[in-house]
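Working notes, beginning with the structure itself.
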Amino acid sequence: AGADRGMLWEYDGTRESLTNDNDGDSGYYFAPGIEPNTVLPNVICDSSASPNTQGAVVVDLGDLPGATAPGKPTNSYGFIRFRAKVK
């Protein structure tokens, strides 16, 4: 209750609302200047000269299997939505 749930994902037929906080779900928001790889080592922002200057939204998908046909296997597809404010 009261958490900012700015992300939604569907995976393997299940929808889940995600918070923007580092709180155990798969969604993260990293403010400008905070490097995502401090929490998720495989997420690296583009430039070492100016790392994460704009902020970053990350959804940790884990290991997804490759699709062999439309909707096969069922856990090879889904969607991710997120809400953002543009200034």
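Going by the structure tokens order, chains are called A, B, ..., each with residues numbered from 1, while ligands are numbered from 1 in the order shown.
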* Asked: Hey, what's within 8 Å of segment 25-33 of chain A if we count only C-alpha atoms and toss same-chain stuff fewer than 6 positions away? As an MDAnalysis selection string, please?
  -> chainID A and resid 7 18:19 51:61
* Asked: What are the DSSP strand (DSSP E) residues of segment 10-63 of chain A, as an NGL selection string?
  -> :A and (10-11 or 14-18 or 27-30 or 56-59)
* To do: Point out the residue among A:Gly62, A:Thr68, A:Lys87, A:Phe82 with the least atom-to-atom distance to Tyr11 of chain A, counting only C-alpha atoms.
  =>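 The shortest atom-to-atom distance to Tyr11 of chain A comes from A:Gly62.
Between atom CA of Thr14 of chain A and atom CA of Thr38 of chain A the separation is 28.5 Å.
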* Might you pull out every residue within 7 Å of Ser76 of chain A, with only C-alpha atoms counted and same-chain residues fewer than 2 positions away left off, and present them as a PyMOL selection string? => chain A and resi 64-67+72-74
Got time to write the residues from that selection, all heavy atoms, as a short mmCIF file (atom, residue, chain, number, x, y, z; two decimals), in the first residue's frame?
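The result, written out as part-v3.cif:
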```cif
data_model
loop_
_atom_site.label_atom_id
_atom_site.label_comp_id
_atom_site.auth_asym_id
_atom_site.auth_seq_id
_atom_site.Cartn_x
_atom_site.Cartn_y
_atom_site.Cartn_z
N LEU A 64 15.01 -15.99 -20.18
CA LEU A 64 13.83 -16.30 -20.96
C LEU A 64 14.16 -17.34 -22.02
O LEU A 64 15.16 -17.21 -22.71
CB LEU A 64 13.29 -15.04 -21.65
CG LEU A 64 12.81 -13.92 -20.75
CD1 LEU A 64 12.40 -12.72 -21.59
CD2 LEU A 64 11.68 -14.37 -19.87
N PRO A 65 13.31 -18.33 -22.18
CA PRO A 65 13.56 -19.31 -23.25
C PRO A 65 13.23 -18.70 -24.61
O PRO A 65 12.40 -17.80 -24.72
CB PRO A 65 12.60 -20.45 -22.93
CG PRO A 65 11.49 -19.79 -22.19
CD PRO A 65 12.12 -18.67 -21.41
N GLY A 66 13.90 -19.15 -25.66
CA GLY A 66 13.60 -18.71 -27.02
C GLY A 66 12.28 -19.28 -27.50
O GLY A 66 11.93 -20.42 -27.18
N ALA A 67 11.51 -18.49 -28.24
CA ALA A 67 10.25 -18.97 -28.80
C ALA A 67 10.53 -19.91 -29.96
O ALA A 67 11.43 -19.69 -30.77
CB ALA A 67 9.40 -17.80 -29.26
N LYS A 72 4.81 -20.29 -28.19
CA LYS A 72 5.40 -21.57 -27.76
C LYS A 72 6.85 -21.38 -27.39
O LYS A 72 7.61 -20.86 -28.20
CB LYS A 72 5.31 -22.61 -28.88
CG LYS A 72 3.93 -22.87 -29.39
CD LYS A 72 3.14 -23.66 -28.40
CE LYS A 72 1.76 -23.91 -29.01
NZ LYS A 72 0.81 -24.45 -28.14
N PRO A 73 7.33 -21.75 -26.27
CA PRO A 73 6.55 -22.11 -25.09
C PRO A 73 5.89 -20.87 -24.49
O PRO A 73 6.27 -19.74 -24.79
CB PRO A 73 7.58 -22.70 -24.13
CG PRO A 73 8.86 -22.05 -24.50
CD PRO A 73 8.77 -21.80 -26.00
N THR A 74 4.89 -21.09 -23.64
CA THR A 74 4.12 -19.96 -23.12
C THR A 74 4.97 -19.00 -22.30
O THR A 74 4.63 -17.83 -22.20
CB THR A 74 2.95 -20.45 -22.24
OG1 THR A 74 3.47 -21.25 -21.18
CG2 THR A 74 1.95 -21.25 -23.05
#
```
